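Student: Dropping the structure in here first, questions after.
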Amino acid sequence: MKIVGSYVSPYVRKVLACLHLAGLGYEIDPITPFFGNEAFERLSPLRRIPVLIEGDLVLSDSSVICAWLEEAHGAPLMPKGPADRARARWLEEYADTRLGDLFIWGLFYQRFVCPAVFGRPGDEARVERTLAEDLPREMAYLEGQLPEAGFLFGDSIGLADIAVATFFRNAAYAGVEPDPARWPRTAAFVRRALAQPCFEATLRFERAQLSVDPKGRRRALLDAGAPLTADSLGTREPRPGIMRL
Ligand SMILES: N[C@@H](CCC(=O)N[C@@H](CS)C(=O)NCC(=O)O)C(=O)O
């Protein structure tokens with residue numbers, strides 16, 4: 001099994017955490033989507049990561065990939081009953097869409113990707129707006145959904161927990177974390193979830209990657225022991241992706 005996508009993408013991290021829960025091995029081509037070549041574009045029509053390649057099967061959406069891992073490989077990602085499964089799917093969708101918009105495009109892209117990938121400052125006014133106007137509403141929603149102890153559907157972490165928690169690691173890279181005095185459940189849940197082995201397992205690769213610029217990434221990741229593919233779908237220069245306004 002091959003995964004295409006950078007270790008610091010929240011959606012790639014979500015898939016890698018699920019692969020860890022399933023005990024499945026993989027190789028990874030840790031490209032940033034903006035560095036993808038034509039072969040990458042053929043595999044991922046929206047030029048997004050992650051992509052999973054398994055034999056002839058190519059899947060390019062984290063939720064579709066995780067559903068495949070559950071159905072085809074028996075990954076223990078979902079609760080049992082239909083109502084719980086439906087709620088888990090909703091929370092995954094909510095996280096991918098709404099938390100993705102705010103944490104990635106509102107914070108991480110502006111504070112991290114713009115300077116690191118494109119060599120220009122991000123839109124700090126957008127960051128301020130995200131923090132002051134948009135995120136408090138979503139934090140209040142999460143505070144009402146997340147459990148005080150354990151995980152959303154019991155004592156073990158599952159896909160819905162992973163889908164929510166992954167965005168908070170990118171928020172931390174953008175210098176933002178939940179205030180435990182204001183959002184106690186969410187802050188404790190995020191700490192608990194991100195400390196799980198499924199997230200811890202790839203942390204050293206994220207750190208290795210973040211410590212160098214994109215061109216030095218492969219060497220740094222190999223030195224850290226990451227299971228890299230022999231070939232890469234990356235170019236040497238970033239190309240504009242399909243950007244949201
Ligand atoms: N719905 C997709 C979202 C994936 C996504 O947006 N990935 C980002 C990286 S974190 C990406 O590839 N962005 C490139 C772009 O939008 O051009 C999923 O769940 O896999």
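Residue names in the structure tokens use chain letters A, B, ... in the order shown, residue numbers from 1 in each chain, and ligand numbers from 1 in the order shown.
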Grab me every residue within 7 Å of ligand 1, counting only C-alpha atoms and all ligand atoms, and send it over as a count of residues only.
Tutor: 18
Student: Taking 5 positions as the minimum chain separation for residues in the same chain, which residues sit within 12 Å of segment 22-25 of chain A when counting only C-alpha atoms? Answer as a PyMOL selection string.
Tutor: chain A and resi 1-3+15-17+54+66+68-78+157-159+197-198+201+226-228
Student: A:Leu221, A:Leu194, A:Val164, A:Val51: which is nearest Val64 of chain A, counting only C-alpha atoms?
Tutor: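 Among the listed residues, A:Val51 lies closest to Val64 of chain A.
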Student: I'd like the neighbourhood of Glu124 of chain A as a list in words, where a residue qualifies if any of its atoms comes within 9 Å (using only C-alpha atoms), though same-chain residues fewer than 3 positions away should be ignored.
Tutor: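 Selected residues are Leu107, Gln110, Arg111, Pro121, Val127, Glu128 and Arg129 of chain A.
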Student: Those residues you just picked out, can you put them in a file as a short mmCIF file (atom, residue, chain, number, x, y, z; two decimals), in the first residue's frame with C-alpha atoms?
Tutor:
```cif
data_model
loop_
_atom_site.label_atom_id
_atom_site.label_comp_id
_atom_site.auth_asym_id
_atom_site.auth_seq_id
_atom_site.Cartn_x
_atom_site.Cartn_y
_atom_site.Cartn_z
CA LEU A 107 -4.82 29.48 10.25
CA GLN A 110 -1.77 31.66 6.37
CA ARG A 111 0.78 31.27 9.14
CA PRO A 121 3.51 36.25 4.45
CA VAL A 127 -6.22 34.66 10.90
CA GLU A 128 -7.61 37.27 13.30
CA ARG A 129 -11.10 36.93 11.82
#
```
Student: Just checking: using only C-alpha atoms, which residue out of A:Arg98, A:Lys215, A:Arg207, A:Lys80 ends up closest to Ala116 of chain A?
Tutor: A:Lys215
Student: Find the residues near Ala160 of chain A: any atom within 9 Å, counting only C-alpha atoms, skip ones fewer than 2 places away on the same chain, and give them as a PDB file with N, CA, C and O atoms, in the first residue's frame.
Tutor:
```pdb
ATOM      1  N   LEU A  77     -12.286   1.117  13.135  1.00  0.00           N
ATOM      2  CA  LEU A  77     -12.376   2.578  13.110  1.00  0.00           C
ATOM      3  C   LEU A  77     -13.726   3.130  13.538  1.00  0.00           C
ATOM      4  O   LEU A  77     -13.824   4.284  13.936  1.00  0.00           O
ATOM      5  N   MET A  78     -14.765   2.277  13.423  1.00  0.00           N
ATOM      6  CA  MET A  78     -16.129   2.793  13.596  1.00  0.00           C
ATOM      7  C   MET A  78     -16.832   2.082  14.746  1.00  0.00           C
ATOM      8  O   MET A  78     -16.546   0.916  15.035  1.00  0.00           O
ATOM      9  N   ARG A  87     -23.550   8.937  13.377  1.00  0.00           N
ATOM     10  CA  ARG A  87     -23.027  10.115  14.082  1.00  0.00           C
ATOM     11  C   ARG A  87     -21.515  10.246  13.872  1.00  0.00           C
ATOM     12  O   ARG A  87     -20.995  11.349  13.706  1.00  0.00           O
ATOM     13  N   ALA A  88     -20.839   9.092  13.851  1.00  0.00           N
ATOM     14  CA  ALA A  88     -19.392   9.126  13.606  1.00  0.00           C
ATOM     15  C   ALA A  88     -19.101   9.706  12.220  1.00  0.00           C
ATOM     16  O   ALA A  88     -18.207  10.533  12.039  1.00  0.00           O
ATOM     17  N   ARG A  89     -19.900   9.309  11.226  1.00  0.00           N
ATOM     18  CA  ARG A  89     -19.704   9.831   9.861  1.00  0.00           C
ATOM     19  C   ARG A  89     -19.964  11.329   9.820  1.00  0.00           C
ATOM     20  O   ARG A  89     -19.280  12.083   9.142  1.00  0.00           O
ATOM     21  N   TRP A  90     -20.997  11.765  10.550  1.00  0.00           N
ATOM     22  CA  TRP A  90     -21.284  13.209  10.574  1.00  0.00           C
ATOM     23  C   TRP A  90     -20.096  13.972  11.170  1.00  0.00           C
ATOM     24  O   TRP A  90     -19.645  14.975  10.618  1.00  0.00           O
ATOM     25  N   LEU A  91     -19.591  13.488  12.312  1.00  0.00           N
ATOM     26  CA  LEU A  91     -18.497  14.225  12.958  1.00  0.00           C
ATOM     27  C   LEU A  91     -17.246  14.238  12.084  1.00  0.00           C
ATOM     28  O   LEU A  91     -16.509  15.226  12.038  1.00  0.00           O
ATOM     29  N   GLU A  92     -17.034  13.143  11.351  1.00  0.00           N
ATOM     30  CA  GLU A  92     -15.895  13.105  10.428  1.00  0.00           C
ATOM     31  C   GLU A  92     -16.095  14.150   9.324  1.00  0.00           C
ATOM     32  O   GLU A  92     -15.187  14.916   8.989  1.00  0.00           O
ATOM     33  N   GLU A  93     -17.301  14.181   8.775  1.00  0.00           N
ATOM     34  CA  GLU A  93     -17.602  15.131   7.692  1.00  0.00           C
ATOM     35  C   GLU A  93     -17.503  16.578   8.201  1.00  0.00           C
ATOM     36  O   GLU A  93     -16.933  17.459   7.544  1.00  0.00           O
ATOM     37  N   ALA A  95     -15.712  17.677  10.685  1.00  0.00           N
ATOM     38  CA  ALA A  95     -14.299  18.008  10.909  1.00  0.00           C
ATOM     39  C   ALA A  95     -13.608  18.275   9.575  1.00  0.00           C
ATOM     40  O   ALA A  95     -12.942  19.302   9.397  1.00  0.00           O
ATOM     41  N   LEU A 152     -15.145   9.338  21.732  1.00  0.00           N
ATOM     42  CA  LEU A 152     -16.534   9.597  21.347  1.00  0.00           C
ATOM     43  C   LEU A 152     -17.426   8.368  21.483  1.00  0.00           C
ATOM     44  O   LEU A 152     -18.589   8.473  21.851  1.00  0.00           O
ATOM     45  N   PHE A 153     -16.877   7.190  21.175  1.00  0.00           N
ATOM     46  CA  PHE A 153     -17.723   5.993  21.202  1.00  0.00           C
ATOM     47  C   PHE A 153     -17.160   4.917  22.129  1.00  0.00           C
ATOM     48  O   PHE A 153     -17.267   3.734  21.845  1.00  0.00           O
ATOM     49  N   ILE A 157      -9.842   4.961  20.888  1.00  0.00           N
ATOM     50  CA  ILE A 157      -9.918   6.004  19.866  1.00  0.00           C
ATOM     51  C   ILE A 157     -10.406   5.396  18.552  1.00  0.00           C
ATOM     52  O   ILE A 157     -10.097   4.236  18.233  1.00  0.00           O
ATOM     53  N   GLY A 158     -11.205   6.161  17.809  1.00  0.00           N
ATOM     54  CA  GLY A 158     -11.716   5.696  16.510  1.00  0.00           C
ATOM     55  C   GLY A 158     -11.631   6.808  15.477  1.00  0.00           C
ATOM     56  O   GLY A 158     -11.085   7.896  15.746  1.00  0.00           O
ATOM     57  N   ILE A 162     -10.219  10.735  15.660  1.00  0.00           N
ATOM     58  CA  ILE A 162      -9.012  11.061  14.887  1.00  0.00           C
ATOM     59  C   ILE A 162      -9.293  12.236  13.951  1.00  0.00           C
ATOM     60  O   ILE A 162      -8.497  13.180  13.836  1.00  0.00           O
ATOM     61  N   ALA A 163     -10.485  12.183  13.295  1.00  0.00           N
ATOM     62  CA  ALA A 163     -10.830  13.222  12.315  1.00  0.00           C
ATOM     63  C   ALA A 163     -10.891  14.597  12.975  1.00  0.00           C
ATOM     64  O   ALA A 163     -10.489  15.605  12.376  1.00  0.00           O
ATOM     65  N   VAL A 164     -11.387  14.659  14.220  1.00  0.00           N
ATOM     66  CA  VAL A 164     -11.456  15.943  14.924  1.00  0.00           C
ATOM     67  C   VAL A 164     -10.070  16.357  15.414  1.00  0.00           C
ATOM     68  O   VAL A 164      -9.591  17.472  15.170  1.00  0.00           O
ATOM     69  N   ALA A 165      -9.392  15.429  16.101  1.00  0.00           N
ATOM     70  CA  ALA A 165      -8.138  15.796  16.796  1.00  0.00           C
ATOM     71  C   ALA A 165      -7.034  16.206  15.829  1.00  0.00           C
ATOM     72  O   ALA A 165      -6.221  17.085  16.146  1.00  0.00           O
TER      73      ALA A 165
END
```
Student: Could you jot down the atom CA of Arg169 of chain A to atom CA of Phe40 of chain A separation for me, Å, one decimal place?
Tutor: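 Here the two named atoms are 25.8 Å from each other.
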Student: Please extract the residues of segment 1-147 of chain A with a backbone DSSP assignment of strand (DSSP E or B) and present them as an MDAnalysis selection string.
Tutor: chainID A and resid 2:4 27:29 36 51:54 57:59
Student: For the residues in that selection, give me N, CA and C atoms as a PDB file, in the first residue's frame.
Tutor:
```
ATOM      1  N   LYS A   2       0.507   2.226  -0.855  1.00  0.00           N
ATOM      2  CA  LYS A   2       1.278   3.475  -0.889  1.00  0.00           C
ATOM      3  C   LYS A   2       0.381   4.632  -0.507  1.00  0.00           C
ATOM      4  N   ILE A   3       0.931   5.566   0.247  1.00  0.00           N
ATOM      5  CA  ILE A   3       0.214   6.795   0.558  1.00  0.00           C
ATOM      6  C   ILE A   3       1.010   7.946  -0.063  1.00  0.00           C
ATOM      7  N   VAL A   4       0.312   8.822  -0.759  1.00  0.00           N
ATOM      8  CA  VAL A   4       0.946  10.041  -1.272  1.00  0.00           C
ATOM      9  C   VAL A   4       0.441  11.193  -0.418  1.00  0.00           C
ATOM     10  N   GLU A  27       4.070   2.392   2.422  1.00  0.00           N
ATOM     11  CA  GLU A  27       5.170   3.289   2.035  1.00  0.00           C
ATOM     12  C   GLU A  27       4.550   4.648   1.770  1.00  0.00           C
ATOM     13  N   ILE A  28       5.344   5.687   1.915  1.00  0.00           N
ATOM     14  CA  ILE A  28       4.779   7.033   1.753  1.00  0.00           C
ATOM     15  C   ILE A  28       5.650   7.893   0.844  1.00  0.00           C
ATOM     16  N   ASP A  29       4.976   8.660  -0.023  1.00  0.00           N
ATOM     17  CA  ASP A  29       5.636   9.691  -0.836  1.00  0.00           C
ATOM     18  C   ASP A  29       5.151  11.019  -0.257  1.00  0.00           C
ATOM     19  N   GLY A  36       3.142  18.684  -6.595  1.00  0.00           N
ATOM     20  CA  GLY A  36       2.810  17.469  -7.346  1.00  0.00           C
ATOM     21  C   GLY A  36       3.028  17.637  -8.847  1.00  0.00           C
ATOM     22  N   VAL A  51      -3.540  10.482  -1.145  1.00  0.00           N
ATOM     23  CA  VAL A  51      -3.946   9.501  -2.147  1.00  0.00           C
ATOM     24  C   VAL A  51      -3.493   8.138  -1.616  1.00  0.00           C
ATOM     25  N   LEU A  52      -4.351   7.143  -1.763  1.00  0.00           N
ATOM     26  CA  LEU A  52      -3.943   5.768  -1.438  1.00  0.00           C
ATOM     27  C   LEU A  52      -3.862   4.981  -2.741  1.00  0.00           C
ATOM     28  N   ILE A  53      -2.782   4.218  -2.904  1.00  0.00           N
ATOM     29  CA  ILE A  53      -2.638   3.355  -4.078  1.00  0.00           C
ATOM     30  C   ILE A  53      -2.444   1.933  -3.564  1.00  0.00           C
ATOM     31  N   GLU A  54      -3.355   1.059  -3.979  1.00  0.00           N
ATOM     32  CA  GLU A  54      -3.244  -0.342  -3.558  1.00  0.00           C
ATOM     33  C   GLU A  54      -3.550  -1.198  -4.771  1.00  0.00           C
ATOM     34  N   LEU A  57      -6.130   0.013  -7.445  1.00  0.00           N
ATOM     35  CA  LEU A  57      -7.078   0.946  -6.824  1.00  0.00           C
ATOM     36  C   LEU A  57      -6.377   2.247  -6.423  1.00  0.00           C
ATOM     37  N   VAL A  58      -6.957   3.378  -6.848  1.00  0.00           N
ATOM     38  CA  VAL A  58      -6.421   4.690  -6.453  1.00  0.00           C
ATOM     39  C   VAL A  58      -7.563   5.478  -5.818  1.00  0.00           C
ATOM     40  N   LEU A  59      -7.378   5.915  -4.578  1.00  0.00           N
ATOM     41  CA  LEU A  59      -8.417   6.679  -3.882  1.00  0.00           C
ATOM     42  C   LEU A  59      -7.825   8.004  -3.427  1.00  0.00           C
TER      43      LEU A  59
END
```
Student: Calculated over only C-alpha atoms, which of the candidates A:Ser211, A:Ser156, A:Asn170, A:Gln145 has the smallest distance to Leu99 of chain A?
Tutor: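 Using only C-alpha atoms, the shortest distance to Leu99 of chain A belongs to A:Asn170.
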Student: Considering only C-alpha atoms, return as a ChimeraX atom specification whatever protein or nucleic-acid residues lie within 12 Å of Arg192 of chain A, sequence-local ones (same chain, fewer than 4 positions apart) excluded.
Tutor: /A:146-152,155-157,161-162,165-166,168,185-188,196-200
Student: Run DSSP on the backbone and give me the residues of segment 15-178 of chain A it puts in alpha helix (DSSP H), as a ChimeraX atom specification.
Tutor: /A:15-22,38-43,62-73,82-94,124-129,135-145,159-173
Student: What is the atom CA of Gly106 of chain A-atom CA of Thr130 of chain A distance in Å, reported with one decimal?
Tutor: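 Taking atom CA of Gly106 of chain A and atom CA of Thr130 of chain A, their separation equals 5.8 Å.
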Student: Interatomic distance between atom CA of Ala174 of chain A and atom CA of Phe108 of chain A?
Tutor: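 For atom CA of Ala174 of chain A relative to atom CA of Phe108 of chain A, the distance reads 5.2 Å.
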Student: Using only C-alpha atoms, which of A:Gly5, A:Arg137, A:Ala132, A:Val12 sits nearest Ile31 of chain A?
Tutor: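 Looking at the shortest contact to Ile31 of chain A, the residue is A:Gly5.
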